[in-house]
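In what follows, a single structure is set out as structure tokens and then discussed.
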Amino acid sequence: MNGKARARAAQSQTTGIYKPESVKDVADSLNIPNLSDIVATALANDVEYRLHQVVEEAARFMRHGRRTTLTVSDMEQAFKVLNIEPLYGHSQHNPPVFRRALPYPNSNAGPVYFVEDEEIDFDRVLREEKLALPKGVTYHAHWLAVEGVQPQIPENPPVIAKEGDVPAPLNAKTNGVVVTPAGGVKKLQQTPIQGQQQQQLVKQVLSRELQLYYTRLTTSLSTSSYSAPDELKKRAAAIGSLSQDAGLQALLPYLIRWVSESVVAVLKEGGQSEQDGHTLETMLDVIGALMRNTTLFIEPYLHQLLPPLLSLLLHSTLPPSHAVVLRTKSAQTLAELLRKHSTTYPSLAPRIMKTLLLALISPEKSTHIGTREGAVRGLVGVGKEAVRKGLVEGGGARVIGNEVSSGLPGGDGLATVVMDALAIMKPTDQDDQMDTLETLTQDTELVEQLTSKIGEHFARRVLAEGNREWVRSLLEGEG
């Protein structure tokens, strides 16, 4: 008995800072009751050895870091070296604060330390300013540059001004048009100062060779003599240059603006002279030449080409000697434009057709023979479906037929244009055998349907052709 007591005393003397009682407390928390004193002492000694090992390794990192204070990061590095799982929830930037608990009365236990929890005052939290969460990362596309020109939008870096540059106007303008935030446009009247700034800007953007080319080109096409052989040669050479030469992309916006301003100037003055007719015809030739030039990227400027084209097509008072030629050529140019670019811009043809239908059916245009003639020719240029929707289903032929029957001045020429438009709907694979007018008029149901579609005037003229397949093609949209 005395030997066992001496052994226990020796063991109690060799125990370090980590007490066997702490091991027994951990064992009880793990549901291991009645742990023997020998096992508890051995485990306590092992734990103390491991603690010394970790602290010694951490102190080595502290010394290599030229520091005298052991930090949490040193302990983390020691854990990594010794292949021990790190302790989570401890950071050197927010070290935990330990407090010593008050001693419990009538207790022989040692001092107890705990981590103090911060007390949160809800009133203070509610009064504090709320932090708005930042938006998530999103992506969207924007133009970095268009035709070598960087748009002034927030996504692009600001343009660094060079010495001698003319400051750009506050409003973004293209050819005297301001683009509003809602997507609309507003026409501006240029002051002399703005015109001078525009000329200076052109001189800075274009090379000297292009400026000289632009000057000679516009001079050759704006000649006042259209009958002199030398002037005709110059004009033909200028049109040929526009349709074939490469390297004119930088001049394209200025040429389109010049064409638009020339057309507006002639139509605004109500020009009826031979000179005005030749000028408008030249502008149409310029538009056609630009469209035929395969080296030009003309698609961004289609919205600037349409106004002069539609103006020449639908204006009510064109020079009399050139009216038919101008409207016919405008319709042909419009058809060529749609043929090339309608697949790229699917909404282009419906928008043009809507404009032509308004000019055709609008009551305000009832006395404008030229406007309606241009609208019909434009529908022919758009295609068969446009003719069907405008003249047959839209009631355009019926309205024009009633006015022609009531004695509209100049109505015979307009009726001829409508008949030519309806003729493009004739089937190509029709039989050679034709019906007589008497045979067709005996089919009362067919006559009533045709009359309700295109009116009595044009129904009578179509039936007089004796082509039953043509009549059926006009009525094939009938439900």
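Convention: chains lettered A, B, ... in structure tokens order; per-chain residue numbering from 1; ligands numbered from 1 as shown.
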
Enumerate as a PyMOL selection string all residues of segment 239-292 of chain A assigned to helix (DSSP H, G or I) by DSSP on the backbone, naming them with the chain letters and numbers the document uses. chain A and resi 239-244+249-268+274-292

Would you write out, as JSON lines, a table of all residues in segment 370-396 of chain A that have an atom no more than 6 Å from an atom of segment 328-336 of chain A, listing for each the closest atom pair and the distance in Å to one decimal, considering only C-alpha atoms and ordering rows by chain and rising residue number?
```
{"residue": "A:Arg377", "atom": "CA", "partner": "A:Ala331", "partner_atom": "CA", "distance": 5.9}
{"residue": "A:Gly378", "atom": "CA", "partner": "A:Ala331", "partner_atom": "CA", "distance": 4.9}
{"residue": "A:Gly381", "atom": "CA", "partner": "A:Ala335", "partner_atom": "CA", "distance": 4.5}
{"residue": "A:Val382", "atom": "CA", "partner": "A:Ala335", "partner_atom": "CA", "distance": 5.6}
```

Would you mind listing what lies within 9 Å of Val266 of chain A as a list of chain:residue names, with only C-alpha atoms counted and same-chain residues fewer than 5 positions away left out?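 Selected residues are A:Glu261, A:Gly271, A:Gln272, A:Asp276, A:Gly277, A:Thr279, A:Leu280.
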
Between A:Ala101, A:Ile424, A:Ile120, A:Ala42, single out the one closest to Arg388 of chain A, counting only C-alpha atoms.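 The closest residue to Arg388 of chain A is A:Ile424.
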
Spatial neighbours of Leu255 of chain A, 12 Å, only C-alpha atoms, chain gap at least 2 places, as a PyMOL selection string: chain A and resi 175+210-211+213-215+217-218+221+242+248-253+257-262+283+286-287+289-290+298+301+304-305

Dump as a short mmCIF file (atom, residue, chain, number, x, y, z; two decimals), in the first residue's frame, selection limited to C-alpha atoms:
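Everything below was put into again01.cif:
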```cif
data_model
loop_
_atom_site.label_atom_id
_atom_site.label_comp_id
_atom_site.auth_asym_id
_atom_site.auth_seq_id
_atom_site.Cartn_x
_atom_site.Cartn_y
_atom_site.Cartn_z
CA ASN A 175 -26.28 65.40 -90.83
CA LEU A 210 -10.37 63.24 -100.53
CA GLN A 211 -11.28 66.90 -100.00
CA TYR A 213 -11.98 64.70 -104.90
CA TYR A 214 -15.17 65.75 -103.07
CA THR A 215 -14.93 69.31 -104.38
CA LEU A 217 -17.08 65.58 -107.80
CA THR A 218 -19.81 67.86 -106.46
CA LEU A 221 -22.50 66.89 -110.74
CA LEU A 242 -18.85 56.67 -107.56
CA LEU A 248 -14.64 56.31 -100.80
CA GLN A 249 -15.91 55.01 -97.45
CA ALA A 250 -14.74 58.12 -95.59
CA LEU A 251 -16.62 60.33 -98.07
CA LEU A 252 -19.87 58.33 -97.89
CA PRO A 253 -21.62 60.30 -95.09
CA ARG A 257 -25.72 64.53 -96.80
CA TRP A 258 -25.01 66.51 -99.95
CA VAL A 259 -27.63 64.50 -101.87
CA SER A 260 -30.23 65.00 -99.13
CA GLU A 261 -29.61 68.73 -98.90
CA SER A 262 -29.77 69.12 -102.70
CA MET A 283 -29.18 62.96 -107.27
CA VAL A 286 -25.68 59.35 -107.34
CA ILE A 287 -27.74 57.20 -104.95
CA ALA A 289 -24.08 54.61 -108.08
CA LEU A 290 -23.34 54.45 -104.34
CA ILE A 298 -23.68 51.49 -97.00
CA TYR A 301 -26.58 55.00 -93.86
CA GLN A 304 -30.35 58.65 -94.47
CA LEU A 305 -30.89 57.40 -98.03
#
```

Report as a ChimeraX atom specification all protein, DNA and RNA residues lying within 12 Å of segment 54-57 of chain A, evaluated on only C-alpha atoms, omitting residues in the same chain fewer than 6 positions from it. /A:47-48,63-64,70-84,86

Give me the residues within 12 Å of Ile17 of chain A as a PDB file with C-alpha atoms, in the first residue's frame, counting only C-alpha atoms and dropping any in the same chain fewer than 4 places off.
```pdb
ATOM      1  CA  SER A  12       1.132  13.812  -9.414  1.00  0.00           C
ATOM      2  CA  GLN A  13       4.460  15.563  -9.145  1.00  0.00           C
ATOM      3  CA  GLU A  21      -8.787  16.344 -14.455  1.00  0.00           C
ATOM      4  CA  SER A  22      -9.132  18.191 -17.762  1.00  0.00           C
ATOM      5  CA  THR A  41      -2.154  11.221 -16.621  1.00  0.00           C
ATOM      6  CA  ALA A  44      -2.368  14.785 -20.218  1.00  0.00           C
ATOM      7  CA  ASN A  45       1.384  14.392 -20.647  1.00  0.00           C
ATOM      8  CA  ASP A  46       0.932  13.612 -24.365  1.00  0.00           C
ATOM      9  CA  VAL A  47      -1.311  16.639 -24.889  1.00  0.00           C
ATOM     10  CA  GLU A  48       1.229  18.854 -23.138  1.00  0.00           C
ATOM     11  CA  TYR A  49       4.005  17.465 -25.358  1.00  0.00           C
ATOM     12  CA  LEU A  51       1.265  21.725 -27.297  1.00  0.00           C
ATOM     13  CA  HIS A  52       4.965  22.337 -26.704  1.00  0.00           C
ATOM     14  CA  GLY A 110      -9.038  26.683 -10.939  1.00  0.00           C
TER      15      GLY A 110
END
```
